[in-house]
Structure formats: structure tokens, C-alpha cells
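Just coords-v1.cif here, mmCIF, C-alpha atoms and all ligand atoms:
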data_coords
#
loop_
_atom_site.label_atom_id
_atom_site.label_comp_id
_atom_site.auth_asym_id
_atom_site.auth_seq_id
_atom_site.Cartn_x
_atom_site.Cartn_y
_atom_site.Cartn_z
CA MET A 1159 -243.01 -20.98 5.98
CA ARG A 1160 -240.86 -18.47 4.21
CA VAL A 1161 -239.94 -19.32 0.61
CA LEU A 1162 -237.25 -17.66 -1.48
CA SER A 1163 -235.92 -18.21 -4.97
CA GLY A 1164 -234.66 -16.33 -7.99
CA VAL A 1165 -233.65 -16.49 -11.64
CA GLN A 1166 -230.75 -14.71 -13.28
CA PRO A 1167 -231.49 -12.22 -16.08
CA SER A 1168 -228.59 -13.84 -17.94
CA GLY A 1169 -230.68 -14.70 -21.00
CA THR A 1170 -234.23 -15.41 -22.03
CA LEU A 1171 -236.48 -17.49 -19.77
CA HIS A 1172 -236.65 -21.09 -20.94
CA ILE A 1173 -238.79 -24.08 -20.21
CA GLY A 1174 -236.13 -25.50 -17.87
CA ASN A 1175 -236.52 -22.42 -15.67
CA TYR A 1176 -240.27 -22.87 -15.76
CA PHE A 1177 -240.61 -26.56 -14.99
CA GLY A 1178 -237.56 -26.72 -12.72
CA ALA A 1179 -238.32 -23.61 -10.71
CA ILE A 1180 -241.00 -21.05 -11.64
CA ARG A 1181 -243.92 -23.47 -11.73
CA GLN A 1182 -243.13 -24.33 -8.10
CA PHE A 1183 -242.82 -20.60 -7.27
CA ILE A 1184 -246.37 -20.10 -8.50
CA GLU A 1185 -247.80 -23.04 -6.57
CA LEU A 1186 -246.09 -22.02 -3.33
CA GLN A 1187 -247.57 -18.51 -3.39
CA ASN A 1188 -250.91 -19.84 -2.21
CA GLU A 1189 -249.67 -21.18 1.08
CA HIS A 1190 -246.46 -19.45 2.04
CA GLU A 1191 -244.77 -16.10 2.45
CA CYS A 1192 -242.78 -15.94 -0.79
CA TYR A 1193 -239.82 -13.84 -1.91
CA TYR A 1194 -238.91 -14.06 -5.60
CA PHE A 1195 -236.07 -11.96 -6.90
CA LEU A 1196 -234.29 -11.19 -10.15
CA ALA A 1197 -230.66 -12.13 -9.68
CA ASP A 1198 -229.18 -9.27 -11.65
CA LEU A 1199 -225.94 -9.10 -9.65
CA HIS A 1200 -225.38 -12.76 -10.45
CA ALA A 1201 -226.04 -12.14 -14.15
CA LEU A 1202 -223.24 -9.57 -14.23
CA THR A 1203 -220.79 -12.48 -14.08
CA THR A 1204 -221.78 -13.33 -17.67
CA VAL A 1205 -223.66 -10.36 -19.23
CA ARG A 1206 -221.31 -7.57 -20.36
CA ASP A 1207 -223.52 -5.28 -22.40
CA PRO A 1208 -225.33 -2.73 -20.17
CA ASP A 1209 -228.21 -2.17 -22.62
CA ARG A 1210 -228.71 -5.90 -22.89
CA MET A 1211 -228.56 -6.17 -19.11
CA ARG A 1212 -231.34 -3.58 -18.71
CA ALA A 1213 -233.44 -5.30 -21.37
CA LEU A 1214 -232.98 -8.74 -19.81
CA VAL A 1215 -234.09 -7.51 -16.39
CA ARG A 1216 -237.27 -6.08 -17.86
CA GLU A 1217 -237.94 -9.25 -19.84
CA LEU A 1218 -237.44 -11.45 -16.79
CA ALA A 1219 -239.74 -9.29 -14.69
CA ALA A 1220 -242.41 -9.41 -17.39
CA GLY A 1221 -241.86 -13.17 -17.65
CA TYR A 1222 -242.31 -13.71 -13.91
CA LEU A 1223 -245.56 -11.74 -13.93
CA ALA A 1224 -246.87 -13.25 -17.18
CA LEU A 1225 -246.32 -16.78 -15.88
CA GLY A 1226 -248.30 -16.04 -12.73
CA LEU A 1227 -246.12 -14.60 -10.00
CA ASP A 1228 -248.48 -12.27 -8.22
CA PRO A 1229 -247.15 -9.11 -6.54
CA GLU A 1230 -250.19 -9.13 -4.24
CA ARG A 1231 -249.16 -12.49 -2.80
CA SER A 1232 -245.37 -12.54 -3.29
CA VAL A 1233 -242.58 -10.06 -2.78
CA ILE A 1234 -240.94 -9.59 -6.19
CA TYR A 1235 -237.74 -7.54 -6.35
CA ARG A 1236 -234.38 -6.97 -7.98
CA GLN A 1237 -231.28 -8.07 -6.16
CA ALA A 1238 -229.53 -4.80 -7.10
CA ASP A 1239 -232.23 -2.80 -5.29
CA MET A 1240 -231.11 -4.44 -2.04
CA PRO A 1241 -227.71 -3.05 -0.96
CA GLU A 1242 -227.94 -5.24 2.15
CA ILE A 1243 -227.28 -8.31 -0.03
CA PRO A 1244 -223.72 -7.42 -1.12
CA GLU A 1245 -223.05 -6.23 2.43
CA LEU A 1246 -224.07 -9.59 3.86
CA THR A 1247 -222.11 -11.34 1.10
CA TRP A 1248 -218.94 -9.76 2.42
CA TYR A 1249 -219.52 -10.88 6.01
CA LEU A 1250 -220.25 -14.39 4.76
CA SER A 1251 -217.23 -14.48 2.47
CA THR A 1252 -214.96 -13.97 5.46
CA VAL A 1253 -216.20 -17.23 7.00
CA THR A 1254 -216.23 -19.23 3.72
CA SER A 1255 -213.27 -21.49 3.00
CA MET A 1256 -211.72 -21.53 -0.48
CA GLY A 1257 -212.05 -25.32 -0.57
CA LEU A 1258 -215.81 -25.13 -0.18
CA LEU A 1259 -216.11 -23.02 -3.34
CA GLN A 1260 -213.51 -25.05 -5.25
CA ARG A 1261 -215.75 -28.10 -4.86
CA CYS A 1262 -218.78 -26.48 -6.57
CA HIS A 1263 -219.91 -28.38 -9.70
CA SER A 1264 -221.78 -25.49 -11.28
CA PHE A 1265 -218.58 -23.45 -11.57
CA LYS A 1266 -216.67 -26.41 -12.99
CA ASP A 1267 -219.49 -27.16 -15.47
CA LYS A 1268 -219.60 -23.59 -16.74
CA VAL A 1269 -215.85 -23.51 -17.25
CA ALA A 1270 -216.06 -26.87 -19.04
CA GLN A 1271 -218.76 -25.36 -21.32
CA GLY A 1272 -216.34 -22.59 -22.31
CA VAL A 1273 -217.53 -19.79 -20.02
CA VAL A 1274 -214.41 -17.75 -19.14
CA PRO A 1275 -214.48 -17.65 -15.34
CA ASN A 1276 -214.00 -14.54 -13.22
CA HIS A 1277 -213.80 -14.07 -9.47
CA GLY A 1278 -217.51 -13.22 -9.35
CA LEU A 1279 -218.48 -16.49 -11.00
CA PHE A 1280 -216.23 -18.38 -8.59
CA THR A 1281 -217.68 -16.72 -5.49
CA TYR A 1282 -221.27 -16.69 -6.72
CA PRO A 1283 -222.37 -19.34 -4.18
CA VAL A 1284 -221.54 -16.83 -1.41
CA LEU A 1285 -223.75 -14.17 -3.01
CA MET A 1286 -226.41 -16.86 -3.38
CA ALA A 1287 -226.05 -17.76 0.31
CA ALA A 1288 -226.64 -14.08 1.15
CA ASP A 1289 -229.76 -13.99 -1.08
CA ILE A 1290 -231.21 -16.95 0.77
CA LEU A 1291 -230.10 -16.27 4.33
CA ILE A 1292 -231.00 -12.60 4.30
CA VAL A 1293 -234.75 -13.25 4.30
CA ARG A 1294 -234.41 -16.18 6.73
CA SER A 1295 -236.02 -18.47 4.20
CA ASP A 1296 -237.03 -21.99 5.16
CA LEU A 1297 -237.60 -23.39 1.69
CA VAL A 1298 -235.84 -22.75 -1.63
CA PRO A 1299 -237.50 -24.20 -4.76
CA VAL A 1300 -234.78 -24.83 -7.39
CA GLY A 1301 -233.64 -27.19 -10.12
CA LYS A 1302 -231.21 -29.95 -9.27
CA ASP A 1303 -228.19 -27.97 -10.51
CA GLN A 1304 -228.63 -25.75 -7.44
CA LYS A 1305 -228.75 -28.55 -4.85
CA GLN A 1306 -225.07 -28.24 -4.00
CA HIS A 1307 -225.35 -24.46 -3.62
CA LEU A 1308 -228.04 -24.99 -1.00
CA GLU A 1309 -225.65 -27.27 0.89
CA VAL A 1310 -222.97 -24.59 0.58
CA THR A 1311 -225.44 -22.02 1.95
CA ARG A 1312 -226.08 -24.18 5.00
CA ASP A 1313 -222.34 -24.72 5.49
CA ILE A 1314 -221.65 -21.00 5.32
CA ALA A 1315 -224.44 -20.22 7.80
CA ALA A 1316 -223.10 -22.90 10.17
CA SER A 1317 -219.58 -21.50 9.81
CA PHE A 1318 -220.85 -18.01 10.68
CA HIS A 1319 -222.66 -19.39 13.73
CA ALA A 1320 -219.55 -21.30 14.85
CA THR A 1321 -217.26 -18.30 14.31
CA TYR A 1322 -219.38 -15.78 16.19
CA GLY A 1323 -221.15 -18.04 18.65
CA VAL A 1324 -224.66 -16.75 17.81
CA GLU A 1325 -227.39 -18.32 15.71
CA VAL A 1326 -228.65 -15.53 13.48
CA PHE A 1327 -229.60 -17.51 10.37
CA THR A 1328 -232.30 -20.02 9.51
CA LEU A 1329 -230.88 -23.10 7.74
CA PRO A 1330 -232.85 -23.45 4.47
CA GLU A 1331 -234.01 -26.65 2.78
CA PRO A 1332 -234.05 -27.08 -1.01
CA LEU A 1333 -237.30 -28.05 -2.70
CA ILE A 1334 -236.49 -30.07 -5.82
CA ARG A 1335 -239.08 -31.96 -7.83
CA ASP A 1336 -237.54 -35.18 -9.09
CA ASP A 1337 -239.54 -35.46 -12.30
CA VAL A 1338 -238.37 -32.05 -13.55
CA ALA A 1339 -235.05 -31.79 -11.72
CA VAL A 1340 -233.00 -31.41 -14.91
CA ILE A 1341 -234.78 -30.38 -18.10
CA PRO A 1342 -232.61 -31.27 -21.10
CA GLY A 1343 -231.71 -28.72 -23.76
CA VAL A 1344 -232.00 -29.38 -27.50
CA ASP A 1345 -228.48 -30.86 -27.40
CA GLY A 1346 -229.38 -33.26 -24.59
CA GLN A 1347 -227.26 -31.36 -21.96
CA LYS A 1348 -228.86 -29.42 -19.09
CA MET A 1349 -230.87 -26.61 -20.64
CA SER A 1350 -229.13 -23.36 -19.68
CA LYS A 1351 -229.42 -19.75 -20.74
CA SER A 1352 -225.67 -19.63 -21.16
CA TYR A 1353 -225.37 -22.82 -23.25
CA GLY A 1354 -227.36 -21.78 -26.36
CA ASN A 1355 -229.50 -24.93 -26.12
CA THR A 1356 -232.73 -23.46 -24.77
CA ILE A 1357 -236.36 -23.61 -25.76
CA ASP A 1358 -237.46 -20.11 -24.82
CA ILE A 1359 -240.89 -19.38 -23.41
CA PHE A 1360 -241.35 -15.91 -24.90
CA GLY A 1361 -240.46 -14.24 -28.18
CA PRO A 1362 -241.52 -14.97 -31.77
CA GLU A 1363 -242.89 -18.42 -32.56
CA LYS A 1364 -240.74 -19.16 -35.57
CA PRO A 1365 -237.33 -19.45 -33.92
CA ILE A 1366 -238.86 -21.44 -31.05
CA ARG A 1367 -240.37 -23.90 -33.51
CA LYS A 1368 -237.03 -24.12 -35.27
CA ARG A 1369 -235.28 -24.85 -31.98
CA ILE A 1370 -237.74 -27.61 -31.16
CA MET A 1371 -237.31 -29.11 -34.62
CA SER A 1372 -233.52 -29.08 -34.07
CA LEU A 1373 -233.71 -31.27 -30.94
CA VAL A 1374 -231.07 -34.00 -31.19
CA THR A 1375 -232.42 -37.47 -31.79
CA ASP A 1376 -230.91 -40.75 -32.93
CA SER A 1377 -231.37 -42.35 -36.35
CA THR A 1378 -234.06 -44.92 -35.43
CA PRO A 1379 -236.27 -45.44 -38.55
CA VAL A 1380 -239.86 -44.17 -38.42
CA GLU A 1381 -241.47 -47.61 -38.15
CA ASP A 1382 -239.24 -48.86 -35.29
CA PRO A 1383 -239.79 -48.43 -31.52
CA LYS A 1384 -237.74 -45.54 -30.13
CA PRO A 1385 -235.46 -45.63 -27.09
CA LYS A 1386 -236.90 -43.74 -24.11
CA GLU A 1387 -233.85 -43.83 -21.85
CA GLY A 1388 -231.78 -40.65 -22.17
CA ASN A 1389 -234.07 -39.35 -24.94
CA ALA A 1390 -234.59 -35.60 -24.46
CA LEU A 1391 -237.57 -35.57 -26.82
CA TYR A 1392 -239.31 -38.28 -24.80
CA GLN A 1393 -238.65 -36.44 -21.55
CA LEU A 1394 -240.04 -33.18 -22.93
CA LEU A 1395 -243.10 -34.83 -24.49
CA LYS A 1396 -243.90 -36.47 -21.17
CA ILE A 1397 -243.68 -33.16 -19.33
CA PHE A 1398 -245.79 -31.26 -21.85
CA ALA A 1399 -248.40 -33.76 -23.01
CA PRO A 1400 -251.89 -33.20 -21.59
CA ALA A 1401 -253.28 -36.18 -19.64
CA GLU A 1402 -255.32 -37.45 -22.61
CA ASP A 1403 -252.22 -37.62 -24.83
CA ARG A 1404 -249.83 -39.39 -22.46
CA GLU A 1405 -250.79 -42.79 -23.77
CA TRP A 1406 -250.19 -41.62 -27.33
CA VAL A 1407 -246.67 -40.58 -26.33
CA GLU A 1408 -245.94 -43.95 -24.72
CA ARG A 1409 -247.26 -45.85 -27.73
CA ALA A 1410 -245.37 -43.70 -30.19
CA PHE A 1411 -242.12 -44.70 -28.49
CA VAL A 1412 -242.89 -48.32 -27.60
CA GLU A 1413 -244.68 -49.38 -30.79
CA GLY A 1414 -242.94 -47.20 -33.36
CA GLY A 1415 -244.61 -45.90 -36.51
CA VAL A 1416 -244.26 -42.23 -35.57
CA GLY A 1417 -241.18 -40.34 -36.77
CA TYR A 1418 -239.20 -37.97 -34.59
CA GLY A 1419 -240.19 -35.08 -36.88
CA ASP A 1420 -243.89 -35.64 -36.18
CA MET A 1421 -243.22 -35.95 -32.47
CA LYS A 1422 -241.42 -32.62 -32.50
CA LYS A 1423 -244.39 -31.00 -34.25
CA ARG A 1424 -246.58 -32.32 -31.46
CA LEU A 1425 -244.19 -30.95 -28.89
CA PHE A 1426 -244.46 -27.51 -30.48
CA GLU A 1427 -248.28 -27.72 -30.32
CA TYR A 1428 -248.12 -28.67 -26.64
CA PHE A 1429 -245.71 -25.80 -26.07
CA LEU A 1430 -248.17 -23.28 -27.56
CA ALA A 1431 -251.08 -24.76 -25.62
CA THR A 1432 -249.11 -24.55 -22.36
CA PHE A 1433 -247.70 -21.05 -22.78
CA GLY A 1434 -250.14 -19.32 -25.17
CA GLN A 1435 -251.86 -17.27 -22.47
CA ALA A 1436 -248.65 -16.32 -20.71
CA ARG A 1437 -247.12 -15.31 -24.04
CA ALA A 1438 -249.99 -12.92 -24.74
CA ARG A 1439 -249.79 -11.46 -21.24
CA TYR A 1440 -246.04 -11.04 -21.65
CA ASP A 1441 -246.51 -8.88 -24.74
CA GLU A 1442 -248.90 -6.64 -22.79
CA LEU A 1443 -246.47 -6.26 -19.91
CA MET A 1444 -243.57 -5.51 -22.24
CA ALA A 1445 -245.64 -2.64 -23.62
CA ASP A 1446 -246.01 -1.16 -20.10
CA PRO A 1447 -242.50 -0.94 -18.61
CA ALA A 1448 -243.51 1.72 -16.07
CA GLU A 1449 -245.91 -0.70 -14.40
CA VAL A 1450 -243.25 -3.42 -14.24
CA ASP A 1451 -240.74 -0.97 -12.70
CA ARG A 1452 -243.31 0.12 -10.14
CA ILE A 1453 -243.92 -3.48 -9.06
CA LEU A 1454 -240.18 -4.13 -8.66
CA LEU A 1455 -239.57 -1.00 -6.58
CA ALA A 1456 -242.54 -1.72 -4.32
CA GLY A 1457 -241.18 -5.27 -3.89
CA ALA A 1458 -237.74 -3.99 -2.91
CA ASP A 1459 -239.29 -1.70 -0.28
CA ARG A 1460 -241.08 -4.67 1.27
CA ALA A 1461 -238.01 -6.90 1.10
CA ARG A 1462 -235.81 -4.26 2.75
CA GLU A 1463 -238.26 -4.08 5.65
CA THR A 1464 -238.05 -7.85 6.03
CA VAL A 1465 -234.26 -7.99 6.10
CA ALA A 1466 -233.64 -5.05 8.46
CA PRO A 1467 -233.80 -7.01 11.76
CA LEU A 1468 -231.55 -9.79 10.42
CA MET A 1469 -228.99 -7.27 9.22
CA ASP A 1470 -229.01 -5.64 12.66
CA ASP A 1471 -228.32 -9.03 14.24
CA VAL A 1472 -225.50 -9.76 11.78
CA ARG A 1473 -223.80 -6.38 12.16
CA ARG A 1474 -223.92 -6.73 15.93
CA ALA A 1475 -222.65 -10.32 15.77
CA VAL A 1476 -219.54 -9.33 13.78
CA GLY A 1477 -218.89 -6.18 15.81
CA ILE A 1478 -219.55 -3.56 13.12
CA ARG A 1479 -222.33 -2.15 15.32
P1 LIG A 1501 -227.36 -19.67 -16.50
O1 LIG A 1501 -226.95 -20.51 -17.69
O2 LIG A 1501 -227.06 -18.21 -16.68
O3 LIG A 1501 -226.86 -20.23 -15.20
P2 LIG A 1501 -229.86 -21.01 -16.14
O4 LIG A 1501 -230.60 -21.34 -17.36
O5 LIG A 1501 -229.11 -22.09 -15.45
O6 LIG A 1501 -228.94 -19.76 -16.46
P3 LIG A 1501 -230.60 -19.82 -13.64
O7 LIG A 1501 -231.05 -18.40 -13.58
O8 LIG A 1501 -229.19 -20.12 -13.25
O9 LIG A 1501 -230.89 -20.37 -15.11
O10 LIG A 1501 -231.56 -20.72 -12.76
C1 LIG A 1501 -232.87 -20.33 -12.38
C2 LIG A 1501 -233.61 -21.52 -11.82
O11 LIG A 1501 -233.93 -22.42 -12.89
C3 LIG A 1501 -232.79 -22.33 -10.83
O12 LIG A 1501 -233.66 -22.77 -9.80
C4 LIG A 1501 -232.31 -23.50 -11.61
O13 LIG A 1501 -232.07 -24.64 -10.82
C5 LIG A 1501 -233.48 -23.71 -12.57
N1 LIG A 1501 -233.05 -24.37 -13.80
C6 LIG A 1501 -232.18 -23.84 -14.72
N2 LIG A 1501 -231.99 -24.70 -15.72
C7 LIG A 1501 -232.75 -25.80 -15.43
C8 LIG A 1501 -232.99 -27.05 -16.09
N3 LIG A 1501 -232.40 -27.34 -17.25
N4 LIG A 1501 -233.82 -27.95 -15.50
C9 LIG A 1501 -234.42 -27.67 -14.32
N5 LIG A 1501 -234.24 -26.52 -13.64
C10 LIG A 1501 -233.42 -25.59 -14.19
MG MG A 1502 -227.77 -21.57 -13.85
#
Spell out the structure here as C-alpha cells.
Amino acid sequence: MRVLSGVQPSGTLHIGNYFGAIRQFIELQNEHECYYFLADLHALTTVRDPDRMRALVRELAAGYLALGLDPERSVIYRQADMPEIPELTWYLSTVTSMGLLQRCHSFKDKVAQGVVPNHGLFTYPVLMAADILIVRSDLVPVGKDQKQHLEVTRDIAASFHATYGVEVFTLPEPLIRDDVAVIPGVDGQKMSKSYGNTIDIFGPEKPIRKRIMSLVTDSTPVEDPKPKEGNALYQLLKIFAPAEDREWVERAFVEGGVGYGDMKKRLFEYFLATFGQARARYDELMADPAEVDRILLAGADRARETVAPLMDDVRRAVGIR
């Protein structure tokens, strides 16, 4: 099967990106033909500083590689190195109804969070449909927030097929793991690069520890049992705790006697144990930007070869060729 997914360089990689998406990317590399891209065109809808944009792309690429995406097994590339993607976006946008985009939750959520919307943010599901359809992917591993966009992608492909009377696209399926579908941020909302509520994977330890210690909790006294339902700290401890500590986590909540502060310290230890190796590798990669650039350009060459036949079919279907 062909797998495709991506992450926006709209901020620093966080544990929601890892558990919701990137961990699945890594697992899938062993069995499938995988395409993993850096969604830099998408990030332009929120990142306005060109130097920051360049830095974020490099950090994301280093993050992908440090976490275990392997350029020998997967095609890793930047969206902006693929001019076919915006071209396909345009063809798709002409068969996409306004109503379909107006119904998208992600857009509404971002506006509700105070992101000032622009046309690009509104139409981003069409660009996303192009990302996915262009490599004829079968499977798209994502977090739950992207489920609706996968449905939109299928709708747009079907609309193209109905309009032109030819089946050029493969209809993709989302791959969403229920247990990590929505990782909560330190404020209890969905963790998001653009919401300022992230626990970052890379960067200095101190601010990460501080973030973890700032996780919102209720005022249950130390000796009392703690509520598990809707408790972001519980959810994160369960995801991070090694097998031998899972019972400790359960008991800490059910029996009481452990304060939230101590639990957060544990969470930070689990964090370091989980990401220590990747963090060291990340620092090495950040010191060798030429190597990272080389990998991305080689990936784009491979991806452009893959998409050429599909783009021929599409151009012929619409009558441009
Ligand atoms: P932004 O705030 O700019 O949208 P983001 O943090 O939502 O950034 P994306 O680049 O939009 O990250 O998403 C990359 C992948 O990570 C997607 O598959 C998305 O579903 C997944 N993801 C993002 N946040 C979470 C989360 N809190 N829990 C689970 N998966 C997530
Ligand atoms: Mg997002």
C-alpha cells in the first residue's frame, strides 16, 4: 500500500504530533511505500516571518529524521519543492463547493482560538487533498483532528471524477489510532503548535520541564483519589509510562497519596526516557544542515517521479493537455 502524511512547520514538533502521527509514520515504513512531507505551503497560512519559516523547516526535517523516519525506506520531501501540488490544488478547487469548506471544523476551531483567518487557511483542505491525491495514497496516518479533512479529500476526488467522467484518483483511507487520537495540551485543549499549549520534543530541557509542571490540574488534595476522566495528566502518564509503571499510575489515581506535582515530575522523567536518544540525534542533525537539505532534495526528486503519470492523467482529463 502507499502511505502519505505530513506535518506543518508551523511551530516546534510536540508530543501530540509524535503520538498522533509520527510514531505511526515510523511503524508503517517497514511494510509500505511511504511518502512523508513537510507541509511548508500550509504553514504559510500562519507563519509570517521568512527567517523563522526557514528555521522551522530545518527543525522539522531534523525532527523527522531524529525520530526515525528513514530516507532509505521513505520518500521525505518539502511540499514547496513540488510545483505539481499547487497546480493540482487549482484543478481540485474548481470542483470543490464552498459549502464543503464552510463545514470544516479545523478552520472554525482555529478562528475560535483567535487565529485571524485568511483565504489560504479557509481553502487549506483543498491543498491537503492535493497532497494526498497526488501520490495516489491508500492510507493516511493522522490525528483525529484531520479525520474530516480526509472525508473532504474523498469528496473532492469523487467530485472531480463525476465532473470529468474519469477515475484518476485513488480514494484514501485515514489511519487513526483511538488511544492517541487527541493528545491534550497543558491547558487540556487539543495540543497544537498554534495554541501555545505544547510539550515540545526538542529544545532545552528546562522550558519543557516548566511546561510539564504547568499542566492544568484540579485542586484534589494529595491524599485523595484523583479523577481520571478528562484528566490530561492521567492521559499523558498512561501514554508515556513504561509497562512496569502502568500499575503505579493507576494506583496513584485510584488510591490517592501521590500529589499532582510528583506525578508531573514522573511524567518529565518518562519524557526524557522516551525521547532522550532522539533529542541527541536531533542536535547532531541540526549541526549538519547540508545533509538535511540533501535528503530533502533527493526526496523531492523521487516524489516528482511518482506524481508525473497522475499529473498527466489529470491535465488530460481537464483538457489542459
Ligand atoms: P497547527 O496548530 O499549526 O495546526 P498542529 O500541532 O495541529 O499544528 P499539524 O502539523 O497540523 O500540527 O498536524 C500534524 C499531524 O499531527 C496531523 O496528523 C495531526 O492530526 C497530528 N496532531 C496534531 N496535534 C495532535 C494532537 N494533539 N493529538 C494527536 N494528533 C495530533
Ligand atoms: Mg493542525
Is there a way to get, as JSON, numbers by chain, all residues within 10 Å of the point (-223.6, -14.1, -3.1) in file coordinates, counting all atoms listed in the file? {"A": [1197, 1199, 1200, 1243, 1244, 1245, 1246, 1247, 1248, 1250, 1251, 1278, 1279, 1281, 1282, 1283, 1284, 1285, 1286, 1287, 1288, 1289, 1290, 1311]}
Dump as CSV the rows for residues of chain A within 9 Å of ligand LIG 1501 (chain A): closest atom pair and distance in Å with one decimal, only C-alpha atoms and all ligand atoms counted, ordered by chain and rising residue number.
residue,atom,partner,partner_atom,distance
A:Ser1163,CA,A:LIG1501,O12,7.0
A:Gly1164,CA,A:LIG1501,C1,6.2
A:Val1165,CA,A:LIG1501,O7,3.8
A:Gln1166,CA,A:LIG1501,O7,3.7
A:Pro1167,CA,A:LIG1501,O7,6.7
A:Ser1168,CA,A:LIG1501,O2,4.8
A:Gly1169,CA,A:LIG1501,O2,6.6
A:Thr1170,CA,A:LIG1501,O4,8.4
A:Leu1171,CA,A:LIG1501,O4,7.4
A:His1172,CA,A:LIG1501,O4,7.0
A:Ile1173,CA,A:LIG1501,C8,7.7
A:Gly1174,CA,A:LIG1501,C8,3.9
A:Asn1175,CA,A:LIG1501,O11,3.8
A:Tyr1176,CA,A:LIG1501,O11,7.0
A:Phe1177,CA,A:LIG1501,C9,6.3
A:Gly1178,CA,A:LIG1501,N5,3.5
A:Ala1179,CA,A:LIG1501,O12,4.8
A:Ile1180,CA,A:LIG1501,O11,7.3
A:Leu1196,CA,A:LIG1501,O7,8.6
A:Ala1197,CA,A:LIG1501,O7,7.4
A:His1200,CA,A:LIG1501,O2,8.4
A:Ala1201,CA,A:LIG1501,O2,6.7
A:Thr1203,CA,A:LIG1501,O2,8.9
A:Thr1204,CA,A:LIG1501,O2,7.3
A:Val1205,CA,A:LIG1501,O2,8.9
A:Ser1264,CA,A:LIG1501,O3,8.3
A:Lys1268,CA,A:LIG1501,O1,8.0
A:Val1298,CA,A:LIG1501,O12,8.5
A:Pro1299,CA,A:LIG1501,O12,6.5
A:Val1300,CA,A:LIG1501,O12,3.4
A:Gly1301,CA,A:LIG1501,O13,3.1
A:Lys1302,CA,A:LIG1501,O13,5.6
A:Asp1303,CA,A:LIG1501,O13,5.1
A:Gln1304,CA,A:LIG1501,O13,4.9
A:Lys1305,CA,A:LIG1501,O13,7.9
A:Ile1334,CA,A:LIG1501,O13,8.6
A:Val1338,CA,A:LIG1501,C9,5.9
A:Ala1339,CA,A:LIG1501,C9,4.9
A:Val1340,CA,A:LIG1501,N4,3.6
A:Ile1341,CA,A:LIG1501,N4,3.7
A:Pro1342,CA,A:LIG1501,N3,5.5
A:Gly1343,CA,A:LIG1501,N3,6.7
A:Gln1347,CA,A:LIG1501,N3,8.0
A:Lys1348,CA,A:LIG1501,N3,4.5
A:Met1349,CA,A:LIG1501,N3,3.8
A:Ser1350,CA,A:LIG1501,O4,3.4
A:Lys1351,CA,A:LIG1501,O4,3.9
A:Ser1352,CA,A:LIG1501,O1,3.8
A:Tyr1353,CA,A:LIG1501,O1,6.2
A:Gly1354,CA,A:LIG1501,O1,8.8
A:Thr1356,CA,A:LIG1501,O4,8.0
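Atom to atom, atom CA of A:Glu1325 and atom CA of A:Leu1162 stand 19.8 Å apart.
One distance worth recording is that between atom CA of A:Val1161 and atom CA of A:Arg1439, which is 25.2 Å.
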Residues of stretch 1193-1286 of chain A at most 8 Å from stretch 1458-1479 of chain A: nearest atom pair and distance in Å, all atoms listed in the file, as a tab-separated table:
residue	atom	partner	partner_atom	distance
A:Tyr1193	CA	A:Ala1461	CA	7.8
A:Val1233	CA	A:Ala1461	CA	6.8
A:Ile1234	CA	A:Ala1458	CA	7.2
A:Tyr1235	CA	A:Ala1458	CA	4.9
A:Arg1236	CA	A:Ala1458	CA	6.8
A:Asp1239	CA	A:Ala1458	CA	6.1
A:Met1240	CA	A:Ala1458	CA	6.7
A:Glu1242	CA	A:Met1469	CA	7.4
A:Leu1246	CA	A:Met1469	CA	7.6
A:Tyr1249	CA	A:Val1476	CA	7.9
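Between atom CA of A:Ile1357 and atom CA of A:Glu1387 there is a distance of 20.7 Å.
With distances taken over all atoms listed in the file, A:Leu1391 is the one residue among A:Ser1317, A:Asp1198, A:Gln1260, A:Leu1391 lying closest to A:Asp1420.
Each of A:Val1274, A:Glu1309, A:Leu1425, A:Gly1419 was checked against A:Pro1400 using all atoms listed in the file; the smallest atom-to-atom distance is that of A:Leu1425.
When all atoms listed in the file are used to measure the gap to A:Lys1364, the shortest distance among A:Leu1308, A:Leu1430, A:Asp1296, A:Ile1397 belongs to A:Leu1430.
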Hey, which of A:Glu1217, A:Asp1228, A:Asp1267, A:Asp1337 ends up closest to ligand MG 1502 (chain A)? Count all atoms listed in the file. A:Asp1267
Determine, counting only C-alpha atoms, which protein, DNA and RNA residues have an atom within 9 Å of an atom of A:Gly1361; residues of the same chain fewer than 4 positions away are not included. Present the result as a PyMOL selection string. chain A and resi 1170+1365-1366+1437+1441
From the set A:His1277, A:Arg1216, A:Arg1160, A:His1307, which residue has the shortest atom-to-atom contact distance to A:Arg1261, counting all atoms listed in the file? A:His1307
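Nearest residue to ligand MG 1502 (chain A), choosing from A:Phe1265, A:Trp1406, A:Phe1429, A:Phe1195 and counting all atoms listed in the file: A:Phe1265.
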